[in-house]
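Down below is the structure, laid out as structure tokens.
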Amino acid sequence: MTKARHGIYAAAISPLTSQLKLDRPALAAYCRYLLSEGGCDGVAPLGTTGEGPSISLRCKLGVPEAFADAGIEPDRAIIGTGCPSIKDTAELSRAALQAGYVNVLVLPPYYYKNVGDDGLFEFYSRVIAEVNDSRLRLYLYHFPQMSATPLSTQLVVRLIAAYGETMAGLKDSSGDFRQSLAFVRATGGIARNFDIFPSSEAFLEDGLKAGCAGVISGSTNSFGKLARRTLERESPDLPRRIELANAAREFAMQFPLVPAMKRHEALRSGNPNWLRLLPPLEGLTKDQAEQFDLGLAELRRRTA
């Protein structure tokens, strides 16, 4: 069993075939790029940025095996397995475990709204029981803007008390660093072996100081290397590195994130197939694409 390492993760975008099916070998190859030239410590595929909720269960089941075939180290991947269905979540999680990937990221069941902590506790409890594998390391996924199903600090503490090391950590995509700090205070953060990952590299420095484990960010698909440079604490130009990393994040957030990150990868790789998106997502408009390309050129000039 290998719990996910700390550091900078990319919430990996997903390559699609001409039939809009997940291209699993291409995803594995892309994640290998993120873990090398891309500057990331880890990858989190099949999440929000990876269009995970729009990809079929059948396609997602083969991702862990594709990662294993590509030689991606198990402690460098947290695979998104969360579905509204307990059975589907458990099946995806078991597929990850069978391929050697014990770290999974699990959304709450996001269709029914205004559910209480007792219902959410029962959902996660039944997922753990269905998986029935002591190797499982489950990362909660707090993203209330998208799921409309927030995870309270009380619920998180209750799950840790019930399931111990099976509850490995939490990705906080609220975008509010105060919420990340609240999770750290409630759980003890890395000091108590519970790894909290805010969703923006803008929180990286303060988060590490506060007891977070790193970040899992969509914009590190494109700008992981800039975030990596801010961790070189002895660098004489550290303030400039932090400024550039924050500028890249702010630039990315001016656009719909998934099509923007896919446009960047299409430009970087020279492969226009990266522009494919699963409905209902749409590509950048012509004006947005032009603004993105101009802004990207300016960022490259500043970081040269």
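Residue numbering restarts at 1 for every chain of the structure tokens, chains are lettered A, B, ... in their displayed order, and ligands are numbered from 1 as they appear.
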Sorted by chain and rising residue number, list the residues of region 92-204 of chain A at most 12 Å from region 229-241 of chain A (counting only C-alpha atoms), each with its closest atom pair and distance in Å to one decimal, as JSON lines.
```
{"residue": "A:Glu201", "atom": "CA", "partner": "A:Thr230", "partner_atom": "CA", "distance": 9.7}
{"residue": "A:Ala202", "atom": "CA", "partner": "A:Thr230", "partner_atom": "CA", "distance": 10.4}
{"residue": "A:Phe203", "atom": "CA", "partner": "A:Thr230", "partner_atom": "CA", "distance": 11.5}
{"residue": "A:Leu204", "atom": "CA", "partner": "A:Thr230", "partner_atom": "CA", "distance": 8.8}
```
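All residues of protein, DNA or RNA that reach within 7 Å of Phe143 (chain A), judged by only C-alpha atoms and not counting those fewer than 6 positions away in the chain, are Pro150, Asp172, Ser173 and Ser174 of chain A.
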Take the residues just selected and output them with N, CA, C and O atoms as a compact mmCIF listing (two decimals), in the first residue's frame.
```
# COMPACT_ATOMS: atom_id res chain seq x y z
N PRO A 150 -22.06 20.07 0.06
CA PRO A 150 -20.84 20.36 0.82
C PRO A 150 -20.55 19.29 1.87
O PRO A 150 -21.45 18.59 2.35
N ASP A 172 -10.01 20.23 -1.40
CA ASP A 172 -10.92 21.34 -1.16
C ASP A 172 -10.96 22.24 -2.38
O ASP A 172 -10.06 23.05 -2.60
N SER A 173 -12.02 22.10 -3.17
CA SER A 173 -12.18 22.93 -4.37
C SER A 173 -13.15 24.07 -4.14
O SER A 173 -13.69 24.63 -5.10
N SER A 174 -13.35 24.45 -2.89
CA SER A 174 -14.24 25.58 -2.61
C SER A 174 -13.68 26.88 -3.14
O SER A 174 -14.44 27.84 -3.38
```
* To do: Compile the contact shell of region 177-194 of chain A as a ChimeraX atom specification: residues with an atom at most 8 Å away, counting only C-alpha atoms, same-chain residues fewer than 4 positions apart removed.
  => /A:153-154,156-157,165,167-170,172,198,203,207,210-213
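Residues in contact range of Gly82 (chain A), defined as at most 7 Å between only C-alpha atoms, with sequence neighbours fewer than 6 positions away removed, read A:Thr89, A:Leu105, A:Val106, A:Leu107, A:Pro108.
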Can you write just those residues out, all heavy atoms, as a PDB file, in the first residue's frame?
```
ATOM      1  N   THR A  89     -19.340   3.734  -7.650  1.00  0.00           N
ATOM      2  CA  THR A  89     -18.161   4.264  -6.962  1.00  0.00           C
ATOM      3  C   THR A  89     -17.280   3.125  -6.474  1.00  0.00           C
ATOM      4  O   THR A  89     -16.049   3.150  -6.620  1.00  0.00           O
ATOM      5  CB  THR A  89     -18.582   5.151  -5.784  1.00  0.00           C
ATOM      6  OG1 THR A  89     -19.399   6.222  -6.254  1.00  0.00           O
ATOM      7  CG2 THR A  89     -17.372   5.736  -5.070  1.00  0.00           C
ATOM      8  N   LEU A 105     -10.265   9.500  -5.294  1.00  0.00           N
ATOM      9  CA  LEU A 105     -10.909  10.769  -4.956  1.00  0.00           C
ATOM     10  C   LEU A 105     -12.410  10.609  -5.173  1.00  0.00           C
ATOM     11  O   LEU A 105     -12.847  10.318  -6.287  1.00  0.00           O
ATOM     12  CB  LEU A 105     -10.349  11.877  -5.851  1.00  0.00           C
ATOM     13  CG  LEU A 105     -10.890  13.293  -5.645  1.00  0.00           C
ATOM     14  CD1 LEU A 105     -10.506  13.823  -4.268  1.00  0.00           C
ATOM     15  CD2 LEU A 105     -10.343  14.226  -6.730  1.00  0.00           C
ATOM     16  N   VAL A 106     -13.188  10.805  -4.102  1.00  0.00           N
ATOM     17  CA  VAL A 106     -14.602  10.447  -4.148  1.00  0.00           C
ATOM     18  C   VAL A 106     -15.492  11.648  -3.841  1.00  0.00           C
ATOM     19  O   VAL A 106     -15.532  12.147  -2.714  1.00  0.00           O
ATOM     20  CB  VAL A 106     -14.915   9.294  -3.173  1.00  0.00           C
ATOM     21  CG1 VAL A 106     -16.384   8.895  -3.283  1.00  0.00           C
ATOM     22  CG2 VAL A 106     -14.026   8.083  -3.466  1.00  0.00           C
ATOM     23  N   LEU A 107     -16.194  12.095  -4.872  1.00  0.00           N
ATOM     24  CA  LEU A 107     -17.226  13.105  -4.696  1.00  0.00           C
ATOM     25  C   LEU A 107     -18.341  12.579  -3.804  1.00  0.00           C
ATOM     26  O   LEU A 107     -18.590  11.375  -3.753  1.00  0.00           O
ATOM     27  CB  LEU A 107     -17.846  13.459  -6.055  1.00  0.00           C
ATOM     28  CG  LEU A 107     -17.142  14.459  -6.953  1.00  0.00           C
ATOM     29  CD1 LEU A 107     -17.698  14.346  -8.369  1.00  0.00           C
ATOM     30  CD2 LEU A 107     -17.331  15.876  -6.424  1.00  0.00           C
ATOM     31  N   PRO A 108     -19.081  13.483  -3.134  1.00  0.00           N
ATOM     32  CA  PRO A 108     -20.317  13.047  -2.489  1.00  0.00           C
ATOM     33  C   PRO A 108     -21.365  12.734  -3.561  1.00  0.00           C
ATOM     34  O   PRO A 108     -21.212  13.146  -4.717  1.00  0.00           O
ATOM     35  CB  PRO A 108     -20.724  14.266  -1.652  1.00  0.00           C
ATOM     36  CG  PRO A 108     -20.118  15.423  -2.368  1.00  0.00           C
ATOM     37  CD  PRO A 108     -18.828  14.918  -2.958  1.00  0.00           C
TER      38      PRO A 108
END
```
* For Leu20 (chain A), which residue among A:Gln98, A:Asn273, A:Asn103, A:Asn246 is the nearest when counting only C-alpha atoms? -> A:Asn273
* **For CA of Val104 (chain A) and CA of Thr81 (chain A), the interatomic separation in Å (one decimal)** => 6.2 Å
Would you write out, as CSV, a table of all residues in region 157-252 of chain A that have an atom no more than 12 Å from an atom of region 42-65 of chain A, listing for each the closest atom pair and the distance in Å to one decimal, considering only C-alpha atoms and ordering rows by chain and rising residue number?
```
residue,atom,partner,partner_atom,distance
A:Lys171,CA,A:Ala44,CA,10.3
A:Ser173,CA,A:Thr48,CA,10.0
A:Phe197,CA,A:Ala44,CA,11.3
A:Ser199,CA,A:Thr49,CA,11.1
A:Ala213,CA,A:Gly42,CA,11.8
A:Gly214,CA,A:Gly42,CA,10.1
A:Val215,CA,A:Gly42,CA,9.8
A:Ile216,CA,A:Ala44,CA,7.3
A:Ser217,CA,A:Thr49,CA,8.7
A:Gly218,CA,A:Thr49,CA,5.9
A:Ser219,CA,A:Thr49,CA,9.1
A:Thr220,CA,A:Val43,CA,9.8
A:Asn221,CA,A:Val43,CA,9.2
A:Gly224,CA,A:Gly42,CA,10.4
A:Arg228,CA,A:Gly42,CA,11.9
```
I need the chosen residues saved as a short mmCIF file (atom, residue, chain, number, x, y, z; two decimals), in the first residue's frame, with all heavy atoms.
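This is the output file out09.cif:
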```cif
data_model
loop_
_atom_site.label_atom_id
_atom_site.label_comp_id
_atom_site.auth_asym_id
_atom_site.auth_seq_id
_atom_site.Cartn_x
_atom_site.Cartn_y
_atom_site.Cartn_z
N LYS A 171 -9.66 16.86 -0.98
CA LYS A 171 -9.41 17.94 -1.92
C LYS A 171 -10.47 19.01 -1.69
O LYS A 171 -11.67 18.74 -1.76
CB LYS A 171 -9.49 17.47 -3.38
CG LYS A 171 -9.23 18.62 -4.36
CD LYS A 171 -9.46 18.25 -5.80
CE LYS A 171 -9.23 19.50 -6.68
NZ LYS A 171 -9.61 19.26 -8.08
N SER A 173 -12.02 22.10 -3.17
CA SER A 173 -12.18 22.93 -4.37
C SER A 173 -13.15 24.07 -4.14
O SER A 173 -13.69 24.63 -5.10
CB SER A 173 -12.66 22.07 -5.54
OG SER A 173 -11.65 21.19 -5.98
N PHE A 197 -5.64 19.06 0.27
CA PHE A 197 -5.12 19.68 -0.94
C PHE A 197 -6.08 20.78 -1.38
O PHE A 197 -7.14 20.48 -1.91
CB PHE A 197 -5.01 18.66 -2.07
CG PHE A 197 -3.95 17.61 -1.89
CD1 PHE A 197 -4.24 16.42 -1.23
CD2 PHE A 197 -2.67 17.78 -2.40
CE1 PHE A 197 -3.28 15.43 -1.08
CE2 PHE A 197 -1.71 16.80 -2.26
CZ PHE A 197 -2.01 15.62 -1.59
N SER A 199 -7.27 23.74 -4.04
CA SER A 199 -7.40 23.54 -5.49
C SER A 199 -6.71 24.61 -6.32
O SER A 199 -6.89 24.66 -7.53
CB SER A 199 -8.88 23.49 -5.88
OG SER A 199 -9.51 24.73 -5.54
N ALA A 213 -1.12 19.46 2.32
CA ALA A 213 -0.19 18.52 1.70
C ALA A 213 0.33 18.98 0.35
O ALA A 213 1.23 18.36 -0.21
CB ALA A 213 -0.87 17.16 1.53
N GLY A 214 -0.24 20.06 -0.19
CA GLY A 214 0.12 20.54 -1.52
C GLY A 214 -1.10 21.14 -2.16
O GLY A 214 -1.93 21.76 -1.49
N VAL A 215 -1.24 20.98 -3.47
CA VAL A 215 -2.43 21.45 -4.19
C VAL A 215 -2.79 20.43 -5.27
O VAL A 215 -1.93 19.70 -5.76
CB VAL A 215 -2.22 22.84 -4.86
CG1 VAL A 215 -2.02 23.93 -3.81
CG2 VAL A 215 -1.08 22.81 -5.87
N ILE A 216 -4.08 20.38 -5.58
CA ILE A 216 -4.56 19.65 -6.77
C ILE A 216 -5.31 20.68 -7.60
O ILE A 216 -6.39 21.12 -7.22
CB ILE A 216 -5.48 18.48 -6.41
CG1 ILE A 216 -4.77 17.48 -5.50
CG2 ILE A 216 -5.97 17.78 -7.68
CD1 ILE A 216 -5.66 16.36 -5.00
N SER A 217 -4.72 21.07 -8.71
CA SER A 217 -5.22 22.22 -9.46
C SER A 217 -5.43 21.88 -10.93
O SER A 217 -4.66 21.10 -11.51
CB SER A 217 -4.20 23.37 -9.34
OG SER A 217 -4.49 24.41 -10.24
N GLY A 218 -6.45 22.48 -11.52
CA GLY A 218 -6.66 22.32 -12.95
C GLY A 218 -5.65 23.09 -13.78
O GLY A 218 -5.23 22.62 -14.84
N SER A 219 -5.23 24.26 -13.31
CA SER A 219 -4.34 25.09 -14.11
C SER A 219 -2.90 24.58 -14.11
O SER A 219 -2.09 25.01 -14.94
CB SER A 219 -4.39 26.55 -13.65
OG SER A 219 -4.25 26.68 -12.26
N THR A 220 -2.56 23.65 -13.22
CA THR A 220 -1.22 23.07 -13.28
C THR A 220 -1.06 22.10 -14.45
O THR A 220 0.05 21.64 -14.72
CB THR A 220 -0.85 22.38 -11.96
OG1 THR A 220 -1.92 21.54 -11.55
CG2 THR A 220 -0.56 23.40 -10.87
N ASN A 221 -2.14 21.79 -15.17
CA ASN A 221 -1.99 21.13 -16.46
C ASN A 221 -1.06 21.93 -17.35
O ASN A 221 -0.26 21.37 -18.11
CB ASN A 221 -3.34 20.99 -17.15
CG ASN A 221 -4.17 19.84 -16.65
OD1 ASN A 221 -3.95 18.71 -17.03
ND2 ASN A 221 -5.13 20.14 -15.78
N GLY A 224 2.29 23.84 -14.24
CA GLY A 224 2.89 23.12 -13.13
C GLY A 224 4.34 23.50 -12.88
O GLY A 224 4.80 23.58 -11.74
N ARG A 228 6.11 24.74 -9.48
CA ARG A 228 7.27 24.03 -8.96
C ARG A 228 8.41 24.98 -8.59
O ARG A 228 9.08 24.81 -7.57
CB ARG A 228 7.74 23.02 -10.03
CG ARG A 228 9.15 22.49 -9.90
CD ARG A 228 9.29 21.49 -8.80
NE ARG A 228 8.23 20.52 -8.82
CZ ARG A 228 7.79 19.86 -7.75
NH1 ARG A 228 8.35 20.09 -6.58
NH2 ARG A 228 6.82 18.99 -7.83
#
```
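The shortest atom-to-atom distance to Ala161 (chain A), with only C-alpha atoms taken into account, belongs to A:Phe121 out of A:Ile13, A:Arg126, A:Cys31, A:Phe121.
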Can you list, as a short mmCIF file (atom, residue, chain, number, x, y, z; two decimals) with N, CA, C and O atoms, in the first residue's frame, every protein, DNA or RNA residue that comes within 12 Å of Thr303 (chain A) when you count only C-alpha atoms, leaving out same-chain residues fewer than 2 positions away?
```
data_model
loop_
_atom_site.label_atom_id
_atom_site.label_comp_id
_atom_site.auth_asym_id
_atom_site.auth_seq_id
_atom_site.Cartn_x
_atom_site.Cartn_y
_atom_site.Cartn_z
N PHE A 223 0.63 25.01 -16.11
CA PHE A 223 1.60 25.86 -15.41
C PHE A 223 2.21 25.18 -14.19
O PHE A 223 2.61 25.84 -13.24
N LYS A 225 5.08 23.74 -13.95
CA LYS A 225 6.50 24.09 -13.79
C LYS A 225 6.67 25.43 -13.08
O LYS A 225 7.60 25.61 -12.29
N LEU A 226 5.76 26.37 -13.35
CA LEU A 226 5.84 27.66 -12.66
C LEU A 226 5.56 27.50 -11.17
O LEU A 226 6.20 28.12 -10.33
N ARG A 229 8.61 26.00 -9.39
CA ARG A 229 9.72 26.93 -9.15
C ARG A 229 9.55 27.71 -7.86
O ARG A 229 10.53 28.17 -7.26
N ARG A 240 9.77 36.92 -7.53
CA ARG A 240 9.34 36.98 -8.92
C ARG A 240 8.72 35.66 -9.35
O ARG A 240 7.75 35.64 -10.10
N ARG A 241 9.27 34.55 -8.89
CA ARG A 241 8.71 33.24 -9.23
C ARG A 241 7.29 33.11 -8.71
O ARG A 241 6.40 32.59 -9.39
N ILE A 242 7.08 33.55 -7.48
CA ILE A 242 5.73 33.51 -6.90
C ILE A 242 4.79 34.41 -7.68
O ILE A 242 3.65 34.03 -7.98
N GLU A 243 5.27 35.58 -8.06
CA GLU A 243 4.45 36.53 -8.84
C GLU A 243 4.04 35.91 -10.17
O GLU A 243 2.86 36.01 -10.58
N LEU A 244 4.97 35.25 -10.86
CA LEU A 244 4.67 34.66 -12.16
C LEU A 244 3.70 33.48 -12.03
O LEU A 244 2.80 33.32 -12.85
N ALA A 245 3.89 32.66 -11.00
CA ALA A 245 2.98 31.53 -10.80
C ALA A 245 1.57 32.02 -10.52
O ALA A 245 0.58 31.47 -11.05
N ALA A 247 0.36 34.92 -11.45
CA ALA A 247 -0.14 35.55 -12.68
C ALA A 247 -0.66 34.50 -13.65
O ALA A 247 -1.69 34.71 -14.32
N ALA A 248 0.02 33.37 -13.74
CA ALA A 248 -0.43 32.30 -14.63
C ALA A 248 -1.77 31.75 -14.18
O ALA A 248 -2.67 31.50 -14.99
N LEU A 296 -1.15 33.86 -23.42
CA LEU A 296 -0.17 32.80 -23.25
C LEU A 296 1.19 33.22 -23.80
O LEU A 296 2.24 32.98 -23.18
N ALA A 297 1.19 33.90 -24.94
CA ALA A 297 2.44 34.39 -25.51
C ALA A 297 3.11 35.39 -24.57
O ALA A 297 4.33 35.38 -24.41
N GLU A 298 2.31 36.23 -23.94
CA GLU A 298 2.86 37.21 -23.00
C GLU A 298 3.45 36.52 -21.77
O GLU A 298 4.52 36.89 -21.28
N LEU A 299 2.76 35.50 -21.27
CA LEU A 299 3.30 34.74 -20.13
C LEU A 299 4.62 34.08 -20.49
O LEU A 299 5.57 34.10 -19.70
N ARG A 300 4.68 33.53 -21.67
CA ARG A 300 5.92 32.88 -22.10
C ARG A 300 7.06 33.90 -22.20
O ARG A 300 8.20 33.60 -21.86
N ARG A 301 6.73 35.10 -22.67
CA ARG A 301 7.74 36.15 -22.76
C ARG A 301 8.25 36.50 -21.38
O ARG A 301 9.47 36.65 -21.16
#
```
* **Test item, strand (DSSP E) assignment across region 25-274 of chain A, answer as a PyMOL selection string** => chain A and resi 42-43+79-80+103-106+137-142+167-172+195-198+214-217
Residue subset to file, keeping N, CA, C and O atoms, as an mmCIF file, in the first residue's frame:
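And here is the file that came out, out-v8.cif:
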```
data_model
loop_
_atom_site.group_PDB
_atom_site.id
_atom_site.type_symbol
_atom_site.label_atom_id
_atom_site.label_comp_id
_atom_site.auth_asym_id
_atom_site.auth_seq_id
_atom_site.Cartn_x
_atom_site.Cartn_y
_atom_site.Cartn_z
ATOM 1 N N GLY A 42 2.249 14.760 -8.833
ATOM 2 C CA GLY A 42 1.217 13.765 -8.979
ATOM 3 C C GLY A 42 0.132 14.215 -9.937
ATOM 4 O O GLY A 42 0.113 15.369 -10.386
ATOM 5 N N VAL A 43 -0.765 13.285 -10.247
ATOM 6 C CA VAL A 43 -1.886 13.575 -11.135
ATOM 7 C C VAL A 43 -3.171 13.071 -10.490
ATOM 8 O O VAL A 43 -3.174 12.070 -9.757
ATOM 9 N N ILE A 79 -6.987 8.751 -8.209
ATOM 10 C CA ILE A 79 -7.907 8.550 -9.326
ATOM 11 C C ILE A 79 -9.339 8.860 -8.906
ATOM 12 O O ILE A 79 -9.819 8.357 -7.882
ATOM 13 N N GLY A 80 -10.017 9.690 -9.693
ATOM 14 C CA GLY A 80 -11.399 10.044 -9.408
ATOM 15 C C GLY A 80 -12.332 8.871 -9.639
ATOM 16 O O GLY A 80 -12.401 8.332 -10.748
ATOM 17 N N ASN A 103 -5.218 5.021 -4.030
ATOM 18 C CA ASN A 103 -5.675 6.366 -3.691
ATOM 19 C C ASN A 103 -6.768 6.810 -4.654
ATOM 20 O O ASN A 103 -6.530 6.925 -5.860
ATOM 21 N N VAL A 104 -7.964 7.044 -4.106
ATOM 22 C CA VAL A 104 -9.096 7.434 -4.941
ATOM 23 C C VAL A 104 -9.741 8.695 -4.384
ATOM 24 O O VAL A 104 -9.768 8.925 -3.171
ATOM 25 N N LEU A 105 -10.265 9.500 -5.294
ATOM 26 C CA LEU A 105 -10.909 10.769 -4.956
ATOM 27 C C LEU A 105 -12.410 10.609 -5.173
ATOM 28 O O LEU A 105 -12.847 10.318 -6.287
ATOM 29 N N VAL A 106 -13.188 10.805 -4.102
ATOM 30 C CA VAL A 106 -14.602 10.447 -4.148
ATOM 31 C C VAL A 106 -15.492 11.648 -3.841
ATOM 32 O O VAL A 106 -15.532 12.147 -2.714
ATOM 33 N N ARG A 137 -7.375 3.915 0.209
ATOM 34 C CA ARG A 137 -7.106 5.232 0.786
ATOM 35 C C ARG A 137 -8.013 6.228 0.062
ATOM 36 O O ARG A 137 -7.821 6.523 -1.121
ATOM 37 N N LEU A 138 -8.995 6.708 0.784
ATOM 38 C CA LEU A 138 -10.071 7.510 0.201
ATOM 39 C C LEU A 138 -9.867 8.989 0.507
ATOM 40 O O LEU A 138 -9.714 9.373 1.672
ATOM 41 N N TYR A 139 -9.866 9.791 -0.548
ATOM 42 C CA TYR A 139 -9.763 11.244 -0.432
ATOM 43 C C TYR A 139 -11.141 11.835 -0.719
ATOM 44 O O TYR A 139 -11.719 11.609 -1.794
ATOM 45 N N LEU A 140 -11.665 12.566 0.230
ATOM 46 C CA LEU A 140 -12.947 13.239 0.052
ATOM 47 C C LEU A 140 -12.785 14.397 -0.913
ATOM 48 O O LEU A 140 -11.711 15.005 -1.004
ATOM 49 N N TYR A 141 -13.871 14.735 -1.613
ATOM 50 C CA TYR A 141 -13.823 15.790 -2.631
ATOM 51 C C TYR A 141 -14.890 16.822 -2.292
ATOM 52 O O TYR A 141 -16.074 16.595 -2.514
ATOM 53 N N HIS A 142 -14.436 17.939 -1.754
ATOM 54 C CA HIS A 142 -15.329 19.036 -1.351
ATOM 55 C C HIS A 142 -15.361 20.080 -2.463
ATOM 56 O O HIS A 142 -14.393 20.789 -2.681
ATOM 57 N N MET A 167 -9.400 6.881 5.575
ATOM 58 C CA MET A 167 -9.687 8.270 5.204
ATOM 59 C C MET A 167 -8.360 8.998 5.087
ATOM 60 O O MET A 167 -7.759 9.418 6.077
ATOM 61 N N ALA A 168 -7.882 9.132 3.860
ATOM 62 C CA ALA A 168 -6.514 9.593 3.623
ATOM 63 C C ALA A 168 -6.378 11.098 3.536
ATOM 64 O O ALA A 168 -5.319 11.656 3.810
ATOM 65 N N GLY A 169 -7.443 11.794 3.084
ATOM 66 C CA GLY A 169 -7.314 13.233 2.904
ATOM 67 C C GLY A 169 -8.542 13.819 2.242
ATOM 68 O O GLY A 169 -9.606 13.192 2.175
ATOM 69 N N LEU A 170 -8.370 15.021 1.737
ATOM 70 C CA LEU A 170 -9.495 15.765 1.162
ATOM 71 C C LEU A 170 -8.976 16.771 0.154
ATOM 72 O O LEU A 170 -7.967 17.461 0.406
ATOM 73 N N LYS A 171 -9.657 16.855 -0.979
ATOM 74 C CA LYS A 171 -9.414 17.941 -1.920
ATOM 75 C C LYS A 171 -10.468 19.007 -1.688
ATOM 76 O O LYS A 171 -11.669 18.740 -1.760
ATOM 77 N N ASP A 172 -10.008 20.229 -1.401
ATOM 78 C CA ASP A 172 -10.923 21.338 -1.156
ATOM 79 C C ASP A 172 -10.960 22.242 -2.380
ATOM 80 O O ASP A 172 -10.060 23.046 -2.600
ATOM 81 N N ASP A 195 -4.344 14.392 4.627
ATOM 82 C CA ASP A 195 -3.732 15.269 3.635
ATOM 83 C C ASP A 195 -4.777 16.132 2.932
ATOM 84 O O ASP A 195 -5.596 15.618 2.165
ATOM 85 N N ILE A 196 -4.706 17.423 3.179
ATOM 86 C CA ILE A 196 -5.660 18.370 2.588
ATOM 87 C C ILE A 196 -4.975 19.098 1.432
ATOM 88 O O ILE A 196 -3.889 19.654 1.581
ATOM 89 N N PHE A 197 -5.635 19.057 0.275
ATOM 90 C CA PHE A 197 -5.118 19.685 -0.939
ATOM 91 C C PHE A 197 -6.075 20.781 -1.377
ATOM 92 O O PHE A 197 -7.144 20.485 -1.911
ATOM 93 N N PRO A 198 -5.736 22.066 -1.172
ATOM 94 C CA PRO A 198 -6.520 23.126 -1.824
ATOM 95 C C PRO A 198 -6.413 22.999 -3.338
ATOM 96 O O PRO A 198 -5.554 22.278 -3.866
ATOM 97 N N GLY A 214 -0.237 20.058 -0.191
ATOM 98 C CA GLY A 214 0.116 20.543 -1.519
ATOM 99 C C GLY A 214 -1.100 21.141 -2.163
ATOM 100 O O GLY A 214 -1.927 21.763 -1.486
ATOM 101 N N VAL A 215 -1.244 20.983 -3.466
ATOM 102 C CA VAL A 215 -2.430 21.450 -4.188
ATOM 103 C C VAL A 215 -2.793 20.429 -5.265
ATOM 104 O O VAL A 215 -1.933 19.696 -5.762
ATOM 105 N N ILE A 216 -4.084 20.375 -5.581
ATOM 106 C CA ILE A 216 -4.558 19.651 -6.770
ATOM 107 C C ILE A 216 -5.311 20.680 -7.595
ATOM 108 O O ILE A 216 -6.393 21.121 -7.218
ATOM 109 N N SER A 217 -4.723 21.069 -8.710
ATOM 110 C CA SER A 217 -5.215 22.225 -9.462
ATOM 111 C C SER A 217 -5.427 21.877 -10.931
ATOM 112 O O SER A 217 -4.663 21.105 -11.513
#
```
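One distance worth recording is that between CA of Cys40 (chain A) and CA of Ala260 (chain A), which is 18.7 Å.
Excluding Leu120 (chain A) and any residue on its chain fewer than 5 positions from it, the residues at most 10 Å away by only C-alpha atoms are Pro108, Pro109, Val115, Ser125, Arg126, Thr149, Pro150, Leu151, Leu155 and Leu159 of chain A.
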Selection file, N, CA and C atoms, as a compact mmCIF listing (two decimals), in the first residue's frame:
```txt
# COMPACT_ATOMS: atom_id res chain seq x y z
N PRO A 108 -19.08 13.48 -3.13
CA PRO A 108 -20.32 13.05 -2.49
C PRO A 108 -21.36 12.73 -3.56
N PRO A 109 -22.42 12.01 -3.22
CA PRO A 109 -23.48 11.74 -4.19
C PRO A 109 -24.22 13.03 -4.51
N VAL A 115 -28.99 17.21 1.54
CA VAL A 115 -28.92 16.01 2.36
C VAL A 115 -28.08 16.31 3.60
N SER A 125 -19.70 5.24 4.10
CA SER A 125 -19.57 3.98 4.83
C SER A 125 -19.87 2.80 3.93
N ARG A 126 -20.91 2.92 3.14
CA ARG A 126 -21.29 1.80 2.27
C ARG A 126 -20.30 1.62 1.12
N THR A 149 -23.30 19.80 -2.75
CA THR A 149 -23.36 18.87 -1.62
C THR A 149 -22.09 19.06 -0.80
N PRO A 150 -22.06 20.07 0.06
CA PRO A 150 -20.84 20.36 0.82
C PRO A 150 -20.55 19.29 1.87
N LEU A 151 -19.27 19.17 2.21
CA LEU A 151 -18.83 18.27 3.26
C LEU A 151 -18.45 19.11 4.47
N LEU A 155 -18.53 16.23 9.60
CA LEU A 155 -18.63 14.96 8.87
C LEU A 155 -17.25 14.36 8.64
N LEU A 159 -15.92 10.72 9.93
CA LEU A 159 -15.43 9.65 9.05
C LEU A 159 -14.04 9.18 9.46
```
Mind listing the alpha helix (DSSP H) residues of region 186-232 of chain A, per DSSP on the backbone, as a short mmCIF file (atom, residue, chain, number, x, y, z; two decimals) with N, CA and C atoms, in the first residue's frame?
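Output below, filename out-v6.cif:
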```cif
data_model
loop_
_atom_site.label_atom_id
_atom_site.label_comp_id
_atom_site.auth_asym_id
_atom_site.auth_seq_id
_atom_site.Cartn_x
_atom_site.Cartn_y
_atom_site.Cartn_z
N ALA A 186 -9.59 21.19 11.97
CA ALA A 186 -10.49 20.14 12.46
C ALA A 186 -9.83 18.76 12.47
N THR A 187 -8.95 18.51 11.49
CA THR A 187 -8.39 17.16 11.32
C THR A 187 -6.94 17.02 11.77
N LEU A 204 -0.52 27.58 -2.48
CA LEU A 204 0.50 26.57 -2.24
C LEU A 204 1.41 26.93 -1.07
N GLU A 205 2.00 28.13 -1.10
CA GLU A 205 2.96 28.50 -0.06
C GLU A 205 2.30 28.57 1.31
N ASP A 206 1.18 29.30 1.41
CA ASP A 206 0.51 29.44 2.70
C ASP A 206 -0.06 28.11 3.16
N GLY A 207 -0.53 27.30 2.21
CA GLY A 207 -1.08 26.01 2.57
C GLY A 207 -0.04 25.08 3.17
N LEU A 208 1.14 25.02 2.58
CA LEU A 208 2.19 24.17 3.11
C LEU A 208 2.58 24.61 4.53
N LYS A 209 2.63 25.91 4.74
CA LYS A 209 2.96 26.42 6.08
C LYS A 209 1.88 26.04 7.10
N ALA A 210 0.64 25.97 6.65
CA ALA A 210 -0.48 25.73 7.55
C ALA A 210 -0.74 24.25 7.83
N THR A 220 -2.56 23.65 -13.22
CA THR A 220 -1.22 23.07 -13.28
C THR A 220 -1.06 22.10 -14.45
N ASN A 221 -2.14 21.79 -15.17
CA ASN A 221 -1.99 21.13 -16.46
C ASN A 221 -1.06 21.93 -17.35
N SER A 222 -1.18 23.25 -17.28
CA SER A 222 -0.39 24.13 -18.14
C SER A 222 0.79 24.76 -17.41
N PHE A 223 0.63 25.01 -16.11
CA PHE A 223 1.60 25.86 -15.41
C PHE A 223 2.21 25.18 -14.19
N GLY A 224 2.29 23.84 -14.24
CA GLY A 224 2.89 23.12 -13.13
C GLY A 224 4.34 23.50 -12.88
N LYS A 225 5.08 23.74 -13.95
CA LYS A 225 6.50 24.09 -13.79
C LYS A 225 6.67 25.43 -13.08
N LEU A 226 5.76 26.37 -13.35
CA LEU A 226 5.84 27.66 -12.66
C LEU A 226 5.56 27.50 -11.17
N ALA A 227 4.57 26.65 -10.84
CA ALA A 227 4.31 26.38 -9.43
C ALA A 227 5.50 25.70 -8.78
N ARG A 228 6.11 24.74 -9.48
CA ARG A 228 7.27 24.03 -8.96
C ARG A 228 8.41 24.98 -8.59
N ARG A 229 8.61 26.00 -9.39
CA ARG A 229 9.72 26.93 -9.15
C ARG A 229 9.55 27.71 -7.86
#
```
